[in-house]
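Okay, coords31.cif is below, mmCIF, C-alpha atoms and all ligand atoms:
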data_run
loop_
_atom_site.label_atom_id
_atom_site.label_comp_id
_atom_site.auth_asym_id
_atom_site.auth_seq_id
_atom_site.Cartn_x
_atom_site.Cartn_y
_atom_site.Cartn_z
CA MET V 1 29.72 129.96 200.05
CA ARG V 2 28.19 130.03 203.50
CA VAL V 3 26.40 133.30 204.13
CA LEU V 4 24.86 134.86 207.24
CA VAL V 5 22.31 137.63 206.77
CA THR V 6 21.35 139.57 209.89
CA GLY V 7 17.82 140.93 209.86
CA GLY V 8 17.16 138.45 207.08
CA ALA V 9 13.54 137.74 207.98
CA SER V 10 12.12 140.80 206.23
CA GLY V 11 12.60 143.36 203.49
CA ILE V 12 16.07 143.82 202.01
CA GLY V 13 17.67 141.13 204.19
CA ARG V 14 15.09 138.58 203.20
CA ALA V 15 15.53 139.35 199.50
CA VAL V 16 19.32 139.15 199.88
CA ALA V 17 19.04 135.76 201.63
CA GLU V 18 16.76 134.47 198.86
CA ALA V 19 19.12 135.75 196.16
CA PHE V 20 22.16 134.01 197.67
CA ALA V 21 20.13 130.80 198.03
CA ALA V 22 18.99 131.07 194.41
CA GLN V 23 22.61 131.11 193.23
CA GLY V 24 23.30 127.95 195.26
CA ASP V 25 24.87 129.39 198.42
CA GLU V 26 24.16 128.08 201.91
CA VAL V 27 22.31 130.84 203.71
CA VAL V 28 21.69 131.31 207.41
CA VAL V 29 19.26 134.00 208.50
CA GLY V 30 19.72 135.60 211.92
CA ASP V 31 16.87 137.75 213.17
CA LEU V 32 14.94 138.81 216.24
CA THR V 33 12.06 136.87 214.74
CA PRO V 34 13.75 134.26 212.56
CA PRO V 35 11.92 132.38 209.84
CA PRO V 36 11.70 128.58 210.05
CA GLY V 37 15.28 127.22 209.96
CA GLY V 38 16.72 130.63 210.87
CA LEU V 39 18.58 131.55 214.02
CA PRO V 40 17.30 133.78 216.81
CA MET V 41 19.67 136.70 217.03
CA ASP V 42 19.46 140.10 218.71
CA VAL V 43 22.33 142.17 217.34
CA THR V 44 22.22 144.43 220.40
CA ASP V 45 23.17 141.48 222.64
CA PRO V 46 26.74 140.16 222.31
CA GLY V 47 25.76 136.83 223.91
CA SER V 48 22.93 136.32 221.44
CA VAL V 49 25.25 137.18 218.53
CA ALA V 50 27.93 134.76 219.75
CA ARG V 51 25.40 131.94 220.11
CA ALA V 52 24.00 132.57 216.63
CA LEU V 53 27.46 132.71 215.04
CA ASP V 54 28.51 129.50 216.78
CA ALA V 55 25.34 127.82 215.55
CA ALA V 56 25.82 129.21 212.03
CA GLY V 57 29.24 127.58 211.66
CA PRO V 58 32.14 128.85 209.54
CA LEU V 59 31.12 131.77 207.34
CA ASP V 60 32.48 133.04 204.04
CA VAL V 61 30.14 136.01 203.89
CA LEU V 62 28.44 138.24 206.45
CA VAL V 63 25.70 140.60 205.34
CA SER V 64 25.16 143.01 208.23
CA ASN V 65 21.69 144.23 207.40
CA ALA V 66 19.64 144.38 210.61
CA GLY V 67 18.52 147.94 211.13
CA VAL V 68 15.72 150.13 212.44
CA VAL V 69 14.43 153.66 212.09
CA GLY V 70 12.23 153.38 215.14
CA GLY V 71 10.55 156.76 214.96
CA GLY V 72 11.66 160.17 213.93
CA GLY V 73 11.23 163.88 214.14
CA PRO V 74 13.22 167.07 214.37
CA LEU V 75 16.32 166.66 216.49
CA THR V 76 14.98 169.26 218.92
CA ASP V 77 11.97 167.01 219.64
CA LEU V 78 13.44 163.55 219.23
CA PRO V 79 13.02 161.32 222.29
CA LEU V 80 16.39 160.09 223.54
CA GLU V 81 15.05 156.52 223.54
CA VAL V 82 14.52 156.67 219.77
CA PHE V 83 18.10 157.86 219.29
CA ASP V 84 19.48 155.23 221.67
CA HIS V 85 17.60 152.37 220.02
CA ALA V 86 18.80 153.31 216.54
CA VAL V 87 22.39 153.51 217.81
CA ALA V 88 22.01 150.19 219.66
CA VAL V 89 20.85 148.29 216.57
CA ASN V 90 22.33 150.11 213.57
CA LEU V 91 25.76 151.06 214.91
CA ARG V 92 26.61 149.23 218.14
CA GLY V 93 24.79 146.10 216.92
CA ALA V 94 26.54 146.18 213.56
CA PHE V 95 29.87 146.51 215.41
CA ILE V 96 29.10 143.55 217.67
CA VAL V 97 28.25 141.37 214.67
CA LEU V 98 31.19 142.56 212.58
CA GLN V 99 33.68 142.01 215.40
CA ALA V 100 32.36 138.53 216.20
CA ALA V 101 32.20 137.42 212.57
CA ALA V 102 35.61 138.87 211.67
CA ARG V 103 37.27 137.18 214.65
CA ARG V 104 35.86 133.86 213.51
CA MET V 105 36.91 134.40 209.89
CA ILE V 106 40.45 135.27 211.01
CA ALA V 107 40.64 132.22 213.30
CA ALA V 108 39.43 129.98 210.47
CA GLY V 109 41.82 131.57 207.94
CA THR V 110 38.88 132.49 205.72
CA ALA V 111 39.44 135.24 203.15
CA GLY V 112 35.80 136.23 203.51
CA ALA V 113 33.64 139.17 202.59
CA ILE V 114 31.51 141.44 204.74
CA VAL V 115 28.79 143.65 203.31
CA THR V 116 27.14 146.27 205.50
CA VAL V 117 23.76 147.75 204.66
CA SER V 118 23.97 151.49 205.10
CA SER V 119 21.81 154.24 203.58
CA ILE V 120 22.33 157.31 201.41
CA GLY V 121 21.00 159.12 204.47
CA ALA V 122 24.55 158.80 205.83
CA ARG V 123 25.54 161.37 203.20
CA GLN V 124 22.35 163.31 202.41
CA PRO V 125 20.11 164.64 205.18
CA THR V 126 16.36 164.36 205.32
CA ALA V 127 14.62 166.37 208.04
CA GLY V 128 13.24 164.08 210.70
CA LEU V 129 15.71 161.24 210.18
CA GLY V 130 18.80 162.70 211.85
CA HIS V 131 19.12 159.96 214.46
CA TYR V 132 19.00 157.23 211.81
CA GLU V 133 21.37 159.03 209.45
CA ALA V 134 23.94 159.51 212.22
CA THR V 135 24.00 155.76 212.85
CA LYS V 136 24.52 155.02 209.16
CA ALA V 137 27.33 157.57 208.89
CA GLY V 138 28.94 155.80 211.83
CA LEU V 139 28.44 152.48 210.10
CA ASP V 140 30.20 153.80 206.99
CA ALA V 141 33.18 154.81 209.12
CA LEU V 142 33.20 151.36 210.72
CA THR V 143 33.09 149.77 207.27
CA ARG V 144 36.15 151.70 206.12
CA THR V 145 38.24 151.02 209.23
CA ALA V 146 37.27 147.34 209.20
CA ALA V 147 38.32 147.15 205.54
CA LEU V 148 41.72 148.60 206.40
CA GLU V 149 42.30 146.37 209.41
CA LEU V 150 41.01 143.16 207.85
CA ALA V 151 42.76 143.54 204.50
CA PRO V 152 45.90 141.75 205.75
CA HIS V 153 43.66 138.74 206.42
CA GLY V 154 42.22 138.85 202.92
CA ILE V 155 38.82 139.85 204.28
CA ARG V 156 37.05 142.54 202.26
CA VAL V 157 34.51 144.91 203.82
CA ASN V 158 32.16 147.01 201.72
CA GLY V 159 28.74 148.54 202.09
CA VAL V 160 25.65 149.27 200.05
CA ALA V 161 23.78 152.53 200.53
CA PRO V 162 20.21 152.28 199.26
CA GLY V 163 17.89 155.19 198.79
CA PRO V 164 14.26 154.54 199.73
CA VAL V 165 13.18 150.92 199.13
CA HIS V 166 9.74 149.34 199.34
CA THR V 167 9.93 147.15 202.47
CA PRO V 168 7.87 146.78 205.66
CA LEU V 169 10.15 149.49 207.14
CA THR V 170 8.86 152.08 204.69
CA ALA V 171 5.36 150.69 204.05
CA GLY V 172 3.66 153.28 206.26
CA LEU V 173 5.45 156.14 204.55
CA MET V 174 4.81 154.83 201.05
CA ALA V 175 1.10 154.38 201.80
CA ASP V 176 0.84 158.16 202.08
CA PRO V 177 0.62 159.45 198.47
CA VAL V 178 2.00 162.87 199.38
CA ALA V 179 5.02 161.44 201.22
CA ARG V 180 5.65 158.94 198.45
CA ALA V 181 5.52 161.63 195.75
CA ALA V 182 7.93 163.75 197.79
CA TRP V 183 10.44 160.89 197.91
CA GLU V 184 10.01 160.07 194.22
CA SER V 185 10.56 163.69 193.23
CA ARG V 186 14.05 163.56 194.79
CA ILE V 187 15.10 160.56 192.68
CA PRO V 188 16.38 161.31 189.14
CA LEU V 189 15.24 157.86 187.95
CA ARG V 190 11.82 158.73 189.48
CA ARG V 191 11.21 155.39 191.16
CA ILE V 192 11.32 154.06 194.70
CA ALA V 193 13.55 150.97 194.66
CA THR V 194 12.37 147.43 195.15
CA THR V 195 14.51 144.97 197.07
CA ASP V 196 15.46 143.38 193.74
CA ASP V 197 17.23 146.63 192.82
CA VAL V 198 19.53 146.22 195.83
CA THR V 199 20.31 142.49 195.94
CA PRO V 200 22.55 142.28 192.82
CA LEU V 201 24.96 144.82 194.34
CA VAL V 202 25.17 142.88 197.60
CA LEU V 203 25.84 139.63 195.73
CA PHE V 204 28.49 141.32 193.60
CA LEU V 205 30.32 142.85 196.57
CA ALA V 206 30.35 139.44 198.28
CA SER V 207 31.59 137.65 195.17
CA PRO V 208 35.12 136.98 193.90
CA ALA V 209 34.36 139.38 191.02
CA ALA V 210 34.73 142.19 193.57
CA ARG V 211 38.13 140.90 194.70
CA HIS V 212 39.83 144.31 194.40
CA LEU V 213 37.08 146.32 196.14
CA THR V 214 37.26 147.04 199.82
CA GLY V 215 36.25 149.97 202.02
CA THR V 216 33.67 151.32 199.58
CA VAL V 217 30.03 152.09 200.31
CA VAL V 218 28.19 152.00 197.00
CA PRO V 219 24.95 153.96 196.54
CA VAL V 220 22.00 152.24 194.88
CA ASP V 221 19.62 155.16 194.86
CA GLY V 222 18.38 155.99 191.35
CA GLY V 223 20.73 158.97 191.39
CA GLN V 224 19.35 160.64 194.51
CA LEU V 225 22.79 161.61 195.77
CA LEU V 226 23.26 163.69 192.60
CA THR V 227 20.54 166.10 193.62
P1 LIG O 301 12.71 145.66 207.64
O1 LIG O 301 12.09 146.30 208.86
O2 LIG O 301 11.83 145.13 206.59
O3 LIG O 301 13.69 144.49 208.12
C1 LIG O 301 14.60 144.68 209.16
C2 LIG O 301 14.88 143.34 209.83
O4 LIG O 301 15.81 143.56 210.89
C3 LIG O 301 13.61 142.72 210.47
O5 LIG O 301 13.49 141.37 210.08
C4 LIG O 301 13.87 142.86 211.95
O6 LIG O 301 13.29 141.81 212.74
C5 LIG O 301 15.39 142.81 212.00
N1 LIG O 301 15.91 143.40 213.23
C6 LIG O 301 15.55 144.56 213.82
N2 LIG O 301 16.21 144.71 214.98
C7 LIG O 301 17.00 143.64 215.13
C8 LIG O 301 17.90 143.21 216.12
N3 LIG O 301 18.10 143.93 217.25
N4 LIG O 301 18.58 142.05 215.95
C9 LIG O 301 18.36 141.29 214.83
N5 LIG O 301 17.49 141.63 213.86
C10 LIG O 301 16.82 142.79 214.01
O7 LIG O 301 13.70 146.78 207.08
P2 LIG O 301 14.45 146.94 205.65
O8 LIG O 301 13.83 148.09 204.98
O9 LIG O 301 14.55 145.63 204.95
O10 LIG O 301 15.89 147.41 206.16
C11 LIG O 301 17.02 146.56 206.13
C12 LIG O 301 18.26 147.42 206.20
O11 LIG O 301 18.28 148.29 205.08
C13 LIG O 301 18.32 148.31 207.43
O12 LIG O 301 19.67 148.37 207.90
C14 LIG O 301 17.89 149.66 206.90
O13 LIG O 301 18.42 150.72 207.66
C15 LIG O 301 18.50 149.61 205.51
N6 LIG O 301 17.88 150.54 204.55
C16 LIG O 301 16.56 150.47 204.26
C17 LIG O 301 16.02 151.36 203.35
C18 LIG O 301 14.56 151.36 202.99
O14 LIG O 301 14.09 152.32 202.38
N7 LIG O 301 13.81 150.29 203.29
C19 LIG O 301 16.84 152.34 202.75
C20 LIG O 301 18.20 152.38 203.07
C21 LIG O 301 18.71 151.46 203.97
#

As structure tokens:
Amino acid sequence: MRVLVTGGASGIGRAVAEAFAAQGDEVVVGDLTPPPGGLPMDVTDPGSVARALDAAGPLDVLVSNAGVVGGGGPLTDLPLEVFDHAVAVNLRGAFIVLQAAARRMIAAGTAGAIVTVSSIGARQPTAGLGHYEATKAGLDALTRTAALELAPHGIRVNGVAPGPVHTPLTAGLMADPVARAAWESRIPLRRIATTDDVTPLVLFLASPAARHLTGTVVPVDGGQLLT
């Protein structure tokens, strides 16, 4: 399979790219700051996305992972720029990538798979992260509609919704013992995830084994949504 991972230079995306490569797939990483051999790609810029997808060639799998938190705080204090940036990358950017990749899959007659990287925050609020959570709830809606509309083309669209994961995105938070303990206390399995906890689900959803799954967003959260 030929796989594109957006935001694949770091964290979850990087681990996902490595996991596909380890099972023998051809992997292309698109990122603002791509690794050697990767493609420069700003998901907020349709021209940049089109250039990267053209350079990537025909895809079987898209993992739409690029995302930011970009700050936080109570909604009453949140700077509009923080909200706008999260929307631009996590929701509008994911739409730009999904639309461009799906159009190419349809044109090529590829019964491909798309996996979006959401968050349990789409379903469970945490004070201070409202802007981010709103973008992920929007992404979940986009995932479901895309699944419905692309099903006639044999293209499946699903998402993964991690709870907190150790990545550069969360490194600052996890370095604070009090904040880390607060997160851990919300997780029934009492552990912050590693990227290796998330990658098997992404690989499964992209694989033929998941041939009858579409429009689902699967939590991988140590049970946090139960609480
Ligand atoms: P990360 O910061 O380690 O990696 C994000 C990557 O996205 C970076 O390589 C960055 O350069 C890239 N990126 C940012 N803006 C971009 C843009 N405009 N165009 C292209 N690439 C861009 O973060 P992560 O923790 O690995 O997060 C990956 C995804 O997982 C995000 O969508 C995030 O919302 C989601 N997620 C993370 C966690 C967590 O706890 N880490 C939990 C749930 C969901």

For this session: Just the residues within 12 Å of V:Leu189, please, counting all atoms listed in the file, with nothing from its chain fewer than 3 positions along; format it as number ranges by chain.
Result: V: 163, 183-186, 192-193, 220-227

Test item: which residues lie within 8 Å of (39.8, 138.7, 202.8) counting only C-alpha atoms, as a compact mmCIF listing (two decimals) with C-alpha atoms, keeping the file's coordinate frame:
# COMPACT_ATOMS: atom_id res chain seq x y z
CA THR V 110 38.88 132.49 205.72
CA ALA V 111 39.44 135.24 203.15
CA GLY V 112 35.80 136.23 203.51
CA ALA V 113 33.64 139.17 202.59
CA LEU V 150 41.01 143.16 207.85
CA ALA V 151 42.76 143.54 204.50
CA PRO V 152 45.90 141.75 205.75
CA HIS V 153 43.66 138.74 206.42
CA GLY V 154 42.22 138.85 202.92
CA ILE V 155 38.82 139.85 204.28
CA ARG V 156 37.05 142.54 202.26

Exercise. Which polymer residues have any atom within 8 Å of an atom of V:Pro162, counting only C-alpha atoms, with same-chain residues fewer than 3 positions away left out, as a PyMOL selection string?
Worked result: chain V and resi 117-120+165+198+219-221

For this session: Enumerate, as a list in words, the protein, DNA and RNA residues whose atoms approach (27.4, 140.3, 223.2) to within 9 Å, taking into account only C-alpha atoms and the coordinate frame of the file.
Result: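 Selection result: Val43, Thr44, Asp45, Pro46, Gly47, Ser48, Val49, Ala50, Gly93, Ile96, Val97 and Ala100 of chain V.
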
May I have the selected residues written with C-alpha atoms, as a PDB file, keeping the file's coordinate frame?
ATOM      1  CA  VAL V  43      22.330 142.170 217.340  1.00  0.00           C
ATOM      2  CA  THR V  44      22.220 144.430 220.400  1.00  0.00           C
ATOM      3  CA  ASP V  45      23.170 141.480 222.640  1.00  0.00           C
ATOM      4  CA  PRO V  46      26.740 140.160 222.310  1.00  0.00           C
ATOM      5  CA  GLY V  47      25.760 136.830 223.910  1.00  0.00           C
ATOM      6  CA  SER V  48      22.930 136.320 221.440  1.00  0.00           C
ATOM      7  CA  VAL V  49      25.250 137.180 218.530  1.00  0.00           C
ATOM      8  CA  ALA V  50      27.930 134.760 219.750  1.00  0.00           C
ATOM      9  CA  GLY V  93      24.790 146.100 216.920  1.00  0.00           C
ATOM     10  CA  ILE V  96      29.100 143.550 217.670  1.00  0.00           C
ATOM     11  CA  VAL V  97      28.250 141.370 214.670  1.00  0.00           C
ATOM     12  CA  ALA V 100      32.360 138.530 216.200  1.00  0.00           C
TER      13      ALA V 100
END

Exercise. Hey, which of V:Glu149, V:Glu18, V:Glu133, V:Asp84 ends up closest to ligand LIG 301 (chain O)? Count only C-alpha atoms and all ligand atoms.
Worked result: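 The answer is V:Glu133, which sits nearest to ligand LIG 301 (chain O).
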
Problem set entry | Point-to-point distance in Å for atom CA of V:Pro164 and atom CA of V:His85 |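 Pair atom CA of V:His85 / atom CA of V:Pro164 returns 20.7 Å.
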
Residues of chain V that approach ligand LIG 301 (chain O) to 7 Å or less, counting all atoms listed in the file: could you list each one with the shortest pair of atoms and its distance in Å to one decimal, rows by chain and increasing residue number, as a tab-separated table?
residue	atom	partner	partner_atom	distance
V:Thr6	CA	O:LIG301	N5	5.9
V:Gly7	CA	O:LIG301	O4	3.5
V:Gly8	CA	O:LIG301	O5	5.6
V:Ala9	CA	O:LIG301	O5	4.2
V:Ser10	CA	O:LIG301	O5	4.1
V:Gly11	CA	O:LIG301	O9	3.3
V:Ile12	CA	O:LIG301	O9	3.8
V:Gly13	CA	O:LIG301	O9	5.5
V:Gly30	CA	O:LIG301	C9	6.5
V:Asp31	CA	O:LIG301	N5	4.0
V:Leu32	CA	O:LIG301	C9	4.5
V:Thr33	CA	O:LIG301	O6	5.5
V:Met41	CA	O:LIG301	C9	5.3
V:Asp42	CA	O:LIG301	N4	3.5
V:Val43	CA	O:LIG301	N4	4.0
V:Thr44	CA	O:LIG301	N3	5.2
V:Asn65	CA	O:LIG301	O12	4.6
V:Ala66	CA	O:LIG301	O4	3.9
V:Gly67	CA	O:LIG301	O12	3.5
V:Val68	CA	O:LIG301	O13	5.5
V:Val69	CA	O:LIG301	O13	6.6
V:Val89	CA	O:LIG301	N3	5.2
V:Asn90	CA	O:LIG301	O12	6.5
V:Val117	CA	O:LIG301	O12	5.3
V:Ser118	CA	O:LIG301	C21	5.4
V:Ser119	CA	O:LIG301	C20	4.1
V:Ile120	CA	O:LIG301	C20	6.6
V:Ala161	CA	O:LIG301	C20	6.1
V:Pro162	CA	O:LIG301	C20	4.3
V:Gly163	CA	O:LIG301	C19	5.0
V:Pro164	CA	O:LIG301	O14	3.5
V:Val165	CA	O:LIG301	O14	3.7
V:His166	CA	O:LIG301	N7	5.8
V:Thr167	CA	O:LIG301	O8	4.7
V:Pro168	CA	O:LIG301	O2	4.4
V:Leu169	CA	O:LIG301	O1	4.1
V:Thr170	CA	O:LIG301	N7	5.4

Problem set entry | Nearby residues (all atoms listed in the file) at most 12 Å from V:Thr145, same-chain spacing under 4 positions excluded, as a list in words | Phe95, Leu98, Gln99, Gly138, Leu139, Asp140, Ala141, Glu149, Leu150, Ala151, Arg156, Val157, Asn158, Thr214, Gly215 and Thr216 of chain V

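Distance check against V:Val202 using all atoms listed in the file: of V:Gly109, V:Gly121, V:Val217, V:Asp54, the minimum falls on V:Val217.
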
For this session: Point out the residue among V:Leu142, V:Val160, V:Leu203, V:Ala179 with the least atom-to-atom distance to V:Ala17, counting all atoms listed in the file.
Result: V:Leu203

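Taking atom CA of V:Gln124 and atom CA of V:Arg211 as endpoints, the distance between them is 28.5 Å.
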
Exercise. If you measure from atom CA of V:Ala134 to atom CA of V:Val87, what distance in Å do you get, rounded to one decimal?
Worked result: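 Result for atom CA of V:Ala134 versus atom CA of V:Val87: 8.3 Å, one decimal.
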
Problem set entry | For V:Tyr132, the nearest of the candidates V:Thr116, V:Ala107, V:Gly70, V:Gly159, counting all atoms listed in the file |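 Result for the nearest residue to V:Tyr132: V:Gly70.
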
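Considering the residues V:Ala21, V:Arg104, V:Ala122, V:Arg2 and counting all atoms listed in the file, V:Ala137 has its shortest atom-to-atom contact with V:Ala122.
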